[in-house]
Amino acid sequence: MSKISIHKDITKANTLPSKFYNFNDYFKLTINNIFTRSWQFINHKDYIRHNLYPFTFLEGLINQPYILISDKNIKVFSNVCTHRANVLCLNKINAKSIQCKYHGRTFSLSGKLNKAPGFEDVKNFPTNKDNLKEVPSKLWNKFIFSSIKSPFKIDEVFNDISSRLSSYPFENLVFNKKKSNTYIIDAHWALYCENYLEGFHVPFIHKGLNNDIDYSSYKTELLNHGVLQYAKYKSRNNLDQIFGHNIYAYYYWIFPNMMFNFYNWGLSINIIEPLENNKTRIKFLSFPIKEKIQPNDSSSGLDVVEREDQNIVLNVQKGIKSYHYDSGRYAAKHEKGVHYFHQLITKYLD
């Protein structure tokens, strides 16, 4: 499997070669080198109703069983017994300790081994190895994230949001299950991210959205393991404004697969989860501001824009398999985000 590289000068660079999207070896390397180090969104703190909250990290792909402990602080531990690997907690419950239903071993809410029936005569026992392994977790504006090991540094993205959106009413965001959705598309996960990371296609694919925004105001800024895009309203008659400067939306992408989209009505989150080399799960989560609604049923509604994006990504998925296509060039003015994404991928594949 040959090494892939992306020239750091966007005006000289070629895009990722088609073999990255088509060969399973690159897909496996991506999972092992990138997604095991990625931060993944777990839940919003207000919707954690029990102090023991089991979840699966990237279900259908990596399938790591974890347990979120909501005690005085938020912590995440391996949900696997250190004796014989039994999964400890199967349901969301309130409890003062974690008990293995296989041989009765119990752990405190700090992950420390409490009792191990039948191990009275075992020498050099217990050790730290017998405690539950804690994994990286992060709490930001009540949004909970977790990783597996040595996660990417994404604080610059969150710091930019906190600074740029300092007056945003995070405390009034409410999850709307009816407006949320999950999609499965037969396309490579990176193609979906690439589509998100440039506004170049907006006038051609999103006619409704293009009528709402001033396309000439579209900006892209690069952050450490992140990309920000934003644009202004075409009209200046929008009175229901949270953002200054007539901003339509702020679109934040966090490497490799999380998207936080801030609007005047609220927040939408897209989580792009690879399932196979050419199969991807898209989780769309809607968090409108209390007493506001996510606008739909219009040519620029998020449901319409999502369908338009998925259709073009599926079409690119067909084209990426062509014998006559290997790679393209970047539109230097418009595709800085895509170029940075490709640079990060090749950096961690090496």
# chains A, B, ... in the order shown; residues from 1 in each chain; ligands from 1
>>> closest_atom_pairs(of="region 71-109 of chain A", to="region 120-143 of chain A", cutoff="7 Å", atoms="only C-alpha atoms", output="tab-separated table")
residue	atom	partner	partner_atom	distance
A:Lys75	CA	A:Ser137	CA	6.4
A:Val76	CA	A:Val135	CA	5.8
A:Phe77	CA	A:Glu134	CA	4.2
A:Ser78	CA	A:Lys133	CA	5.4
A:Thr82	CA	A:Asp130	CA	5.4
>>> closest_atom_pairs(of="region 179-282 of chain A", to="region 305-316 of chain A", cutoff="7 Å", atoms="only C-alpha atoms", output="Markdown table")
| residue | atom | partner | partner_atom | distance |
| --- | --- | --- | --- | --- |
| A:Asp186 | CA | A:Leu314 | CA | 6.9 |
| A:Ala187 | CA | A:Leu314 | CA | 5.9 |
| A:Leu191 | CA | A:Val313 | CA | 6.3 |
| A:Tyr192 | CA | A:Val313 | CA | 6.0 |
| A:Ile205 | CA | A:Glu308 | CA | 6.6 |
| A:His206 | CA | A:Val305 | CA | 6.4 |
>>> write_last_selection(atoms="C-alpha atoms", output="compact mmCIF listing (two decimals), in the first residue's frame")
# COMPACT_ATOMS: atom_id res chain seq x y z
CA ASP A 186 -23.92 4.10 0.29
CA ALA A 187 -20.93 6.42 0.09
CA LEU A 191 -16.88 12.36 0.51
CA TYR A 192 -19.64 13.65 2.79
CA ILE A 205 -26.65 22.49 -5.66
CA HIS A 206 -28.53 24.55 -3.05
>>> closest_residue(among="A:Glu335, A:Asp46, A:Asp350, A:Asp214", to="Glu198 (chain A)", atoms="only C-alpha atoms")
A:Glu335
>>> closest_residue(among="A:Gly226, A:Pro203, A:Gly118, A:Gly111", to="Asp160 (chain A)", atoms="only C-alpha atoms")
A:Gly226
>>> closest_residue(among="A:Val202, A:Ile6, A:Leu275, A:Leu109", to="Ile185 (chain A)", atoms="only C-alpha atoms")
A:Leu275
>>> closest_residue(among="A:Asn181, A:Ser38, A:Ser235, A:Ser108", to="Pro256 (chain A)", atoms="only C-alpha atoms")
A:Ser38
>>> select_by_dssp(residues="region 85-191 of chain A", states="strand (DSSP E)", output="VMD selection string")
chain A and resid 98 to 99 106 to 107 113 to 115 134 to 135 137 to 140 143 to 146 181 to 185
>>> write_last_selection(atoms="C-alpha atoms", output="PDB file, in the first residue's frame")
ATOM      1  CA  ILE A  98     -20.935  -1.306  39.297  1.00  0.00           C
ATOM      2  CA  GLN A  99     -21.374  -5.059  39.621  1.00  0.00           C
ATOM      3  CA  THR A 106     -17.854  -4.904  42.039  1.00  0.00           C
ATOM      4  CA  PHE A 107     -16.305  -1.523  41.223  1.00  0.00           C
ATOM      5  CA  LEU A 113     -12.119  -2.532  42.281  1.00  0.00           C
ATOM      6  CA  ASN A 114     -14.190  -2.925  45.458  1.00  0.00           C
ATOM      7  CA  LYS A 115     -14.730  -6.647  45.889  1.00  0.00           C
ATOM      8  CA  GLU A 134     -10.642   5.363  32.369  1.00  0.00           C
ATOM      9  CA  VAL A 135     -10.709   6.826  28.865  1.00  0.00           C
ATOM     10  CA  SER A 137     -13.733  12.500  28.152  1.00  0.00           C
ATOM     11  CA  LYS A 138     -14.617  16.137  27.711  1.00  0.00           C
ATOM     12  CA  LEU A 139     -17.529  18.299  28.888  1.00  0.00           C
ATOM     13  CA  TRP A 140     -18.155  21.511  26.963  1.00  0.00           C
ATOM     14  CA  PHE A 143     -22.061  18.497  25.541  1.00  0.00           C
ATOM     15  CA  ILE A 144     -20.204  15.302  26.442  1.00  0.00           C
ATOM     16  CA  PHE A 145     -17.457  13.815  24.275  1.00  0.00           C
ATOM     17  CA  SER A 146     -15.294  10.730  24.595  1.00  0.00           C
ATOM     18  CA  ASN A 181     -32.865  11.920  12.106  1.00  0.00           C
ATOM     19  CA  THR A 182     -30.414   9.175  11.131  1.00  0.00           C
ATOM     20  CA  TYR A 183     -29.512   8.367   7.539  1.00  0.00           C
ATOM     21  CA  ILE A 184     -27.539   5.529   5.962  1.00  0.00           C
ATOM     22  CA  ILE A 185     -25.988   6.320   2.590  1.00  0.00           C
TER      23      ILE A 185
END
>>> atom_distance(atom1="CA of Ile161 (chain A)", atom2="CA of Arg236 (chain A)")
23.8 Å
